[in-house]
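Below: one structure, written as structure tokens.
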Amino acid sequence: MRYFAMQPGDIDPLEPDEVWLRSQRGTYFCPVCSFPQIERPLCPVVLSAKPKKCTLNIVGGAATDVMHIELFELLGSEFKESMETQTVSLSHGHRLADYIAIRARTQILIRGGPSSTAKGYCDLCGNLFYWPLPFESRHLLRRSIEDLLPVYGGSVVALVIREDILNRVPTSQLTGIQIYELPIRDVAEDGLPEEIGTRVTSEQRKRYEELLKRDS
Ligand SMILES: [Zn+2]
């Protein structure tokens with residue numbers, strides 16, 4: 001089974017409504033590290049302006065992804081069942097029916113080579129501050145995909161998607177999206193334990209205290 005990273009092709013995030021963004025701080029977003037709290041349900045997204053052209057994009061400052069409804073439908077039922085979804089609206093309340101806010105129900109840590117940076121974790125929510133380096137070294141550990149889910153949330157990318165799910169979509173519908181394979185490896189090369197994921201558990205914090213703080 002092969003897996004592919006999916007992320008917006010351009011760095012041009014959607015503009016959030018600032019009032020909405022502020023109102024979600026400390027509830028949907030962790031009050032310490034500002035990342036979405038994955039144990040809370042995905043919140044409805046409010047944008048300050050209509051997306052110009054967007055197949056898949058991230059909401060600036062919100063680390064939350066928005067997908068065009070046509071692509072969402074093309075990816076099929078198995079994909080849809082693996083995602084949490086929410087509405088996307090404009091500041092004055094108008095709902096954008098062409099777009100859907102998405103978050104995979106299961107998150108996965110994309111690993112990198114020995115030069116990857118691990119700068120500890122958030123003391124409150126356990127969010128691991130990790131960046132896989134170099135780019136070409138990005139891969140998945142076999143133990144993290146044992147359940148072979150159709151899709152995972154990908155820490156540094158929008159989605160990590162199974163090949164058969166991606167193949168449902170004609171290439172013409174994927175314009176503006178960067179897609180590349182994430183090889184599957186058995187052994188971690190970044191110096192971190194293989195069991196580490198996007199959130200560090202309290203047990204892991206005790207066990208790997210020194211290792212996780214090595215670059216901080
Ligand atoms: Zn946090």
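FYI, nothing fancy with the structure tokens labels: chains A, B, ... in order, residues from 1 per chain, ligands from 1 as they appear.
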
May I ask you to write as a list in words all residues lying at most 12 Å from ligand 1, with only C-alpha atoms and all ligand atoms counted? Arg25, Gly26, Thr27, Tyr28, Phe29, Cys30, Pro31, Val32, Cys33, Ser34, Phe35, Pro36, Gln37, Ile38, Glu39, Gly120, Tyr121, Cys122, Asp123, Leu124, Cys125, Gly126, Asn127, Leu128, Phe129, Thr198, Arg199 and Val200 of chain A

Let's have the selection written as a compact mmCIF listing (two decimals), in the first residue's frame, with C-alpha atoms.
# COMPACT_ATOMS: atom_id res chain seq x y z
CA ARG A 25 -8.41 31.04 21.06
CA GLY A 26 -8.34 29.05 24.23
CA THR A 27 -11.25 26.86 23.11
CA TYR A 28 -10.75 25.37 19.66
CA PHE A 29 -7.11 26.48 19.63
CA CYS A 30 -4.75 25.57 22.45
CA PRO A 31 -4.23 28.69 24.63
CA VAL A 32 -0.52 27.87 24.92
CA CYS A 33 0.67 26.69 21.46
CA SER A 34 -2.27 28.02 19.35
CA PHE A 35 -2.64 24.73 17.43
CA PRO A 36 -6.09 23.19 16.99
CA GLN A 37 -6.97 20.96 19.92
CA ILE A 38 -7.60 17.65 18.20
CA GLU A 39 -9.68 16.23 21.02
CA GLY A 120 9.98 19.81 22.46
CA TYR A 121 6.23 19.82 22.89
CA CYS A 122 3.40 21.94 24.26
CA ASP A 123 3.12 21.40 28.01
CA LEU A 124 -0.63 21.77 27.88
CA CYS A 125 -1.82 19.75 24.85
CA GLY A 126 1.30 17.68 24.10
CA ASN A 127 1.58 18.98 20.52
CA LEU A 128 5.03 17.90 19.26
CA PHE A 129 7.08 20.70 17.67
CA THR A 198 1.88 14.28 16.68
CA ARG A 199 0.85 14.45 20.35
CA VAL A 200 3.21 13.42 23.14

Quick one: everything within 7 Å of stretch 153-161 of chain A, counting only C-alpha atoms, minus sequence neighbours fewer than 4 positions away in the same chain. Send it as JSON, numbers by chain. {"A": [3, 4, 5, 6, 7, 65, 103, 104, 106, 107, 108, 109, 110, 165, 166, 198]}

For the residues selected in the previous step, produce a file with C-alpha atoms as an mmCIF file, in the first residue's frame.
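File produced: selection17.cif:
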data_model
loop_
_atom_site.group_PDB
_atom_site.id
_atom_site.type_symbol
_atom_site.label_atom_id
_atom_site.label_comp_id
_atom_site.auth_asym_id
_atom_site.auth_seq_id
_atom_site.Cartn_x
_atom_site.Cartn_y
_atom_site.Cartn_z
ATOM 1 C CA TYR A 3 0.617 6.785 0.684
ATOM 2 C CA PHE A 4 0.880 10.290 -0.720
ATOM 3 C CA ALA A 5 1.164 13.732 0.859
ATOM 4 C CA MET A 6 -1.401 16.305 -0.340
ATOM 5 C CA GLN A 7 -0.858 19.974 0.325
ATOM 6 C CA ASP A 65 -7.812 23.057 5.963
ATOM 7 C CA ARG A 103 -9.823 17.457 9.430
ATOM 8 C CA ALA A 104 -8.790 13.802 9.326
ATOM 9 C CA THR A 106 -6.547 10.307 12.819
ATOM 10 C CA GLN A 107 -3.267 12.229 12.775
ATOM 11 C CA ILE A 108 0.111 10.891 11.680
ATOM 12 C CA LEU A 109 3.641 12.219 12.182
ATOM 13 C CA ILE A 110 5.579 12.572 8.923
ATOM 14 C CA ILE A 165 -8.394 6.860 -2.655
ATOM 15 C CA LEU A 166 -6.244 9.376 -4.525
ATOM 16 C CA THR A 198 1.882 14.275 16.681
#

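For A:Thr87, the set of protein, DNA and RNA residues having any atom at most 6 Å away, when counting only C-alpha atoms and skipping those fewer than 5 positions along the same chain, is Pro44, Ile100 and Ala101 of chain A.
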
Residues near A:Glu163, cut-off 10 Å, only C-alpha atoms, skip fewer than 5 positions along chain, as a compact mmCIF listing (two decimals) with C-alpha atoms, in the first residue's frame:
# COMPACT_ATOMS: atom_id res chain seq x y z
CA MET A 1 0.00 0.00 0.00
CA ARG A 2 1.36 3.44 -0.94
CA TYR A 3 0.62 6.79 0.68
CA PHE A 4 0.88 10.29 -0.72
CA PRO A 150 -7.86 5.84 3.81
CA VAL A 151 -6.48 9.15 5.06
CA ARG A 168 -10.45 8.08 -7.68
CA GLU A 181 4.77 9.88 -2.29

Just the strand (DSSP E) stuff from stretch 15-173 of chain A, please, per backbone DSSP, written as a count of residues only. 46

Can you tell me, as a list in words, what residues are no more than 7 Å from A:Leu140 when counting only C-alpha atoms, ignoring any on the same chain fewer than 4 positions away? Ile110, Arg111, Leu182, Pro183, Ile184 and Arg185 of chain A

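Between A:Glu18 and the residues A:Leu90, A:Phe72, A:His139, A:Lys50, the shortest atom-to-atom distance, using only C-alpha atoms, involves A:Leu90.
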
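Closest to A:Lys80 among A:Glu15, A:Gly61, A:Tyr152, A:Ser116 is A:Tyr152, based on only C-alpha atoms.
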
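Note that atom CA of A:Asp190 and atom CA of A:Ser144 are 15.0 Å apart.
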
Tell me which protein, DNA and RNA residues are within 12 Å of A:Arg207, counting only C-alpha atoms, leaving out same-chain ones fewer than 5 positions away, and put them as a count of residues only. 9
